[in-house]
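As stored in input_15.txt (compact mmCIF, C-alpha atoms):
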```txt
# COMPACT_ATOMS: atom_id res chain seq x y z
CA MET A 1 0.00 0.00 0.00
CA SER A 2 1.29 3.43 -0.85
CA ASN A 3 2.21 5.80 1.97
CA SER A 4 -0.43 8.28 0.80
CA LEU A 5 -3.22 5.73 1.36
CA SER A 6 -1.98 3.79 4.37
CA LYS A 7 -2.82 6.47 6.93
CA TYR A 8 -6.49 6.43 5.91
CA PHE A 9 -7.13 2.67 6.16
CA ARG A 10 -6.87 -0.02 8.81
CA GLY A 11 -5.51 -3.42 7.89
CA THR A 12 -4.26 -4.13 4.38
CA ILE A 13 -5.47 -3.50 0.86
CA SER A 14 -4.65 -6.06 -1.81
CA ASN A 15 -4.82 -6.05 -5.60
CA LEU A 16 -4.19 -2.31 -5.71
CA LYS A 17 -4.19 -1.04 -9.29
CA THR A 18 -3.75 2.36 -10.87
CA CYS A 19 -6.40 3.39 -13.38
CA GLU A 20 -5.58 5.78 -16.16
CA CYS A 21 -7.88 8.76 -16.52
CA SER A 22 -9.77 8.68 -19.81
CA SER A 23 -9.41 12.43 -20.22
CA THR A 24 -6.78 14.92 -19.13
CA GLN A 25 -9.32 17.75 -19.09
CA LEU A 26 -10.76 18.43 -15.64
CA ARG A 27 -14.50 18.96 -15.40
CA ARG A 28 -15.76 22.16 -13.85
CA ASP A 29 -17.42 21.69 -10.47
CA GLU A 30 -21.09 22.46 -11.18
CA LEU A 31 -22.20 22.58 -7.55
CA ASP A 32 -24.01 25.86 -6.93
CA LEU A 33 -24.08 26.44 -3.17
CA THR A 34 -26.33 29.48 -3.46
CA ALA A 35 -28.90 27.51 -5.46
CA THR A 36 -28.67 24.66 -2.94
CA ALA A 37 -29.29 27.10 -0.09
CA LYS A 38 -32.34 28.46 -1.91
CA LEU A 39 -33.71 24.93 -2.26
CA SER A 40 -33.14 24.36 1.45
CA LEU A 41 -34.86 27.63 2.26
CA ASN A 42 -37.77 26.60 0.07
CA TYR A 43 -38.09 23.40 2.11
CA LEU A 44 -37.97 25.31 5.39
CA ARG A 45 -40.75 27.57 4.16
CA GLY A 46 -42.83 24.66 2.93
CA ASN A 47 -42.60 22.56 6.09
CA PRO A 48 -44.78 24.53 8.57
CA GLU A 49 -48.54 24.31 8.10
CA SER A 50 -49.93 27.85 7.95
CA SER A 51 -53.50 26.61 8.44
CA ARG A 52 -52.46 25.27 11.86
CA ASN A 53 -50.68 28.42 13.02
CA TYR A 54 -47.38 27.40 11.39
CA GLU A 55 -47.12 24.03 13.11
CA SER A 56 -43.92 22.29 12.00
CA LYS A 57 -43.85 18.77 10.62
CA PHE A 58 -41.60 16.24 12.36
CA SER A 59 -42.84 12.81 11.23
CA LEU A 60 -41.84 13.00 7.59
CA GLY A 61 -41.01 10.22 5.15
CA PRO A 62 -40.20 11.88 1.80
CA LEU A 63 -40.59 8.61 -0.12
CA GLY A 64 -43.80 7.65 1.63
CA ILE A 65 -47.34 8.14 0.40
CA PRO A 66 -48.55 10.16 2.14
CA ALA A 67 -45.30 11.79 3.20
CA HIS A 68 -46.57 13.14 6.52
CA VAL A 69 -47.81 10.43 8.89
CA PRO A 70 -47.54 11.44 12.58
CA LEU A 71 -45.69 8.97 14.81
CA LEU A 72 -48.07 9.90 17.62
CA PRO A 73 -51.82 10.19 17.10
CA PRO A 74 -52.99 13.75 16.48
CA ASN A 75 -54.53 15.45 19.50
CA LYS A 76 -55.98 18.83 20.40
CA TYR A 77 -52.48 20.31 20.68
CA ALA A 78 -51.19 19.38 17.23
CA TYR A 79 -51.65 17.16 14.22
CA ASP A 80 -48.02 16.04 14.72
CA PRO A 81 -47.53 16.30 18.53
CA ILE A 82 -43.78 15.56 18.48
CA SER A 83 -43.19 18.77 16.54
CA LEU A 84 -44.26 21.05 19.39
CA CYS A 85 -41.62 23.39 20.87
CA ASP A 86 -38.38 21.51 20.18
CA THR A 87 -38.86 21.05 16.41
CA ASP A 88 -40.23 24.58 16.07
CA CYS A 89 -37.07 26.03 17.66
CA ARG A 90 -34.70 23.89 15.61
CA MET A 91 -36.51 24.95 12.44
CA LEU A 92 -36.34 28.63 13.39
CA TRP A 93 -32.58 28.47 14.00
CA GLN A 94 -31.97 27.41 10.39
CA TYR A 95 -33.72 30.29 8.62
CA PRO A 96 -31.03 32.96 9.23
CA HIS A 97 -28.26 30.60 8.06
CA MET A 98 -30.07 29.61 4.86
CA ARG A 99 -31.12 33.20 4.13
CA GLU A 100 -27.53 34.38 4.45
CA MET A 101 -26.30 31.63 2.12
CA ALA A 102 -29.10 32.34 -0.35
CA GLY A 103 -28.42 36.09 -0.31
CA GLU A 104 -31.69 37.07 1.38
CA SER A 105 -31.76 39.49 4.29
CA GLY A 106 -35.37 39.81 5.41
CA THR A 107 -37.65 37.33 7.15
CA CYS A 108 -40.77 35.94 5.48
CA LYS A 109 -44.27 35.34 6.87
CA VAL A 110 -43.46 31.67 7.56
CA GLU A 111 -40.38 32.49 9.64
CA ASP A 112 -42.31 35.22 11.45
CA GLY A 113 -45.17 32.78 12.01
CA ILE A 114 -42.89 30.21 13.65
CA MET A 115 -41.37 32.89 15.88
CA SER A 116 -44.84 33.99 17.01
CA ARG A 117 -45.79 30.37 17.65
CA ILE A 118 -42.72 29.77 19.83
CA LEU A 119 -43.35 32.94 21.84
CA SER A 120 -46.94 31.81 22.43
CA TYR A 121 -45.71 28.73 24.31
CA HIS A 122 -44.49 30.96 27.16
CA LYS A 123 -47.17 31.66 29.72
CA ASN A 124 -47.43 34.46 32.28
CA ASP A 125 -45.21 32.52 34.69
CA SER A 126 -42.44 32.54 32.01
CA LEU A 127 -42.59 28.72 31.80
CA LEU A 128 -43.61 26.47 28.92
CA TRP A 129 -46.76 24.43 29.47
CA MET A 130 -46.78 21.83 26.73
CA ASN A 131 -48.27 18.49 25.73
CA PRO A 132 -45.85 15.79 27.06
CA GLY A 133 -45.98 13.92 23.75
CA ALA A 134 -43.60 16.50 22.29
CA TRP A 135 -40.72 15.05 24.36
CA VAL A 136 -41.61 11.71 25.90
CA GLY A 137 -43.41 9.96 23.06
CA PRO A 138 -46.60 7.93 23.66
CA MET A 139 -48.29 9.19 26.78
CA SER A 140 -49.52 6.93 29.58
CA SER A 141 -50.93 9.98 31.36
CA PRO A 142 -54.30 11.52 30.47
CA PRO A 143 -54.27 13.58 27.23
CA GLY A 144 -55.02 16.75 29.18
CA ASP A 145 -51.77 16.58 31.13
CA LYS A 146 -49.05 19.12 30.44
CA LEU A 147 -45.31 19.11 30.89
CA VAL A 148 -43.84 22.29 32.41
CA LEU A 149 -40.38 23.31 31.19
CA SER A 150 -38.22 26.38 31.48
CA TRP A 151 -37.05 26.15 27.84
CA ALA A 152 -38.36 24.67 24.60
CA VAL A 153 -35.25 22.72 23.58
CA PRO A 154 -34.25 20.12 26.20
CA GLN A 155 -30.54 19.76 25.35
CA PHE A 156 -28.11 21.19 22.80
CA ARG A 157 -24.49 22.28 22.27
CA GLN A 158 -23.40 25.78 21.24
CA THR A 159 -20.03 26.82 19.82
CA PHE A 160 -18.93 30.44 19.50
CA LYS A 161 -15.91 32.73 19.51
CA ALA A 162 -15.22 34.39 22.87
CA THR A 163 -13.83 37.86 22.20
CA SER A 164 -14.45 39.49 25.59
CA VAL A 165 -10.86 38.92 26.75
CA PRO A 166 -8.47 41.41 25.10
CA ASP A 167 -6.03 39.86 22.60
CA HIS A 168 -7.81 36.49 22.74
CA ASP A 169 -9.98 34.85 20.08
CA GLN A 170 -10.95 31.57 21.72
CA THR A 171 -13.50 29.06 20.44
CA VAL A 172 -15.80 28.08 23.30
CA THR A 173 -18.28 25.20 23.42
CA THR A 174 -21.13 25.23 25.94
CA ASP A 175 -23.48 22.36 26.79
CA TRP A 176 -27.02 23.42 27.66
CA ILE A 177 -29.90 21.63 29.34
CA GLY A 178 -32.97 23.78 29.01
CA ASN A 179 -31.90 27.36 29.65
CA LYS A 180 -28.94 26.36 31.87
CA VAL A 181 -25.30 25.86 30.87
CA ILE A 182 -23.96 22.69 32.51
CA ASP A 183 -20.46 22.61 31.00
CA VAL A 184 -18.03 24.71 29.00
CA GLU A 185 -14.89 23.82 27.07
CA PRO A 186 -12.08 24.63 27.33
CA HIS A 187 -11.74 25.04 31.09
CA GLY A 188 -9.02 27.36 32.26
CA LYS A 189 -7.92 30.72 33.48
CA TYR A 190 -10.65 32.74 31.77
CA LEU A 191 -13.43 30.16 32.09
CA PRO A 192 -13.10 28.71 35.60
CA MET A 193 -16.79 28.23 36.38
CA PHE A 194 -17.05 24.52 35.46
CA GLY A 195 -14.53 21.93 36.62
CA SER A 196 -16.22 18.87 35.16
CA LYS A 197 -19.32 17.80 33.35
CA ALA A 198 -22.50 17.46 35.36
```

Would you mind writing the structure in this file as structure tokens?
Amino acid sequence: MSNSLSKYFRGTISNLKTCECSSTQLRRDELDLTATAKLSLNYLRGNPESSRNYESKFSLGPLGIPAHVPLLPPNKYAYDPISLCDTDCRMLWQYPHMREMAGESGTCKVEDGIMSRILSYHKNDSLLWMNPGAWVGPMSSPPGDKLVLSWAVPQFRQTFKATSVPDHDQTVTTDWIGNKVIDVEPHGKYLPMFGSKA
């Protein structure tokens, strides 16, 4: 095995042959990232159901007929109960990225509709009162029960550049559960608040 290949494979490769290229002319890469971003943005705008106050779809099977068959039975909270809160937030996070890649600056009525929907989950006590099916799957409790959370997305990881320390440009990764940070990497002189993961 050649030295250039050996570092990428475990074990041995036998019967290695070199194939001659049929043409010496390189083909131009036809991938259009802007067009791909526009297609992705089109999907994001087509996913929420405007007739149900911009409810997002979670249980999708693109090759299925029909394509949208909820994993949990529809109830009074949603046609696709798993989509509530968590899926809505994850959808909303993608719009700014896709708009930037597609060269669009302003929001559309679908993105605004999802934002309004997410804000409506917060009650006067600043907590989220939501159908448990959105997080725990099939419910053994009565359909009228609600799960109370402090944040719509149960767990996620965030990476960003910390520029608050002069002459430092450090990449920082934080682990969140709900609206609380439970760990940060790297640990050290400027980030001493977490010694180990919870």

**Request:** Select, counting all atoms listed in the file, all protein, DNA and RNA residues no farther than 12 Å from (-31.3, 23.9, 1.2) in file coordinates, and express the selection as a list in words.
**Result:**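 Looking at atoms near the point gives Asp32, Leu33, Thr34, Ala35, Thr36, Ala37, Lys38, Leu39, Ser40, Leu41, Asn42, Tyr43, Leu44, Arg45, Gly46, Gln94, Tyr95, His97, Met98, Arg99, Glu100, Met101 and Ala102 of chain A.
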
**Counting only C-alpha atoms, the residue of A:Asp86, A:Glu30, A:Glu111, A:Asp80 that sits nearest Arg52 of chain A** =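 Of A:Asp86, A:Glu30, A:Glu111, A:Asp80, the one nearest Arg52 of chain A is A:Asp80, counting only C-alpha atoms.
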
Near Asn53 of chain A, within 12 Å and counting only C-alpha atoms, which residues show up once chain neighbours fewer than 2 positions away are dropped, as a CSV table (one decimal) with C-alpha atoms, keeping the file's coordinate frame?
```
chain,number,residue,atom,x,y,z
A,48,PRO,CA,-44.8,24.5,8.6
A,49,GLU,CA,-48.5,24.3,8.1
A,50,SER,CA,-49.9,27.8,8.0
A,51,SER,CA,-53.5,26.6,8.4
A,55,GLU,CA,-47.1,24.0,13.1
A,56,SER,CA,-43.9,22.3,12.0
A,77,TYR,CA,-52.5,20.3,20.7
A,78,ALA,CA,-51.2,19.4,17.2
A,79,TYR,CA,-51.6,17.2,14.2
A,84,LEU,CA,-44.3,21.0,19.4
A,88,ASP,CA,-40.2,24.6,16.1
A,109,LYS,CA,-44.3,35.3,6.9
A,110,VAL,CA,-43.5,31.7,7.6
A,111,GLU,CA,-40.4,32.5,9.6
A,112,ASP,CA,-42.3,35.2,11.4
A,113,GLY,CA,-45.2,32.8,12.0
A,114,ILE,CA,-42.9,30.2,13.6
A,115,MET,CA,-41.4,32.9,15.9
A,116,SER,CA,-44.8,34.0,17.0
A,117,ARG,CA,-45.8,30.4,17.6
A,118,ILE,CA,-42.7,29.8,19.8
A,120,SER,CA,-46.9,31.8,22.4
```

**Message:** Just to confirm, what's the straight-line distance from atom CA of Ile82 of chain A to atom CA of Leu60 of chain A in Å (one decimal)?
**Reply:**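 These two atoms are separated by 11.4 Å.
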
**Item:** Counting only C-alpha atoms, the option among A:Leu16, A:Leu147, A:Asn47, A:Asp183 closest to Ala67 of chain A
**Value:** A:Asn47

**Asked** What does the distance between atom CA of Leu128 of chain A and atom CA of Val172 of chain A come to in Å, to one decimal place?
**Response**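 Separation between atom CA of Leu128 of chain A and atom CA of Val172 of chain A: 28.4 Å.
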
**Request:** Could you jot down the atom CA of Met130 of chain A to atom CA of Pro73 of chain A separation for me, Å, one decimal place?
**Result:**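 Going from atom CA of Met130 of chain A over to atom CA of Pro73 of chain A covers 15.9 Å.
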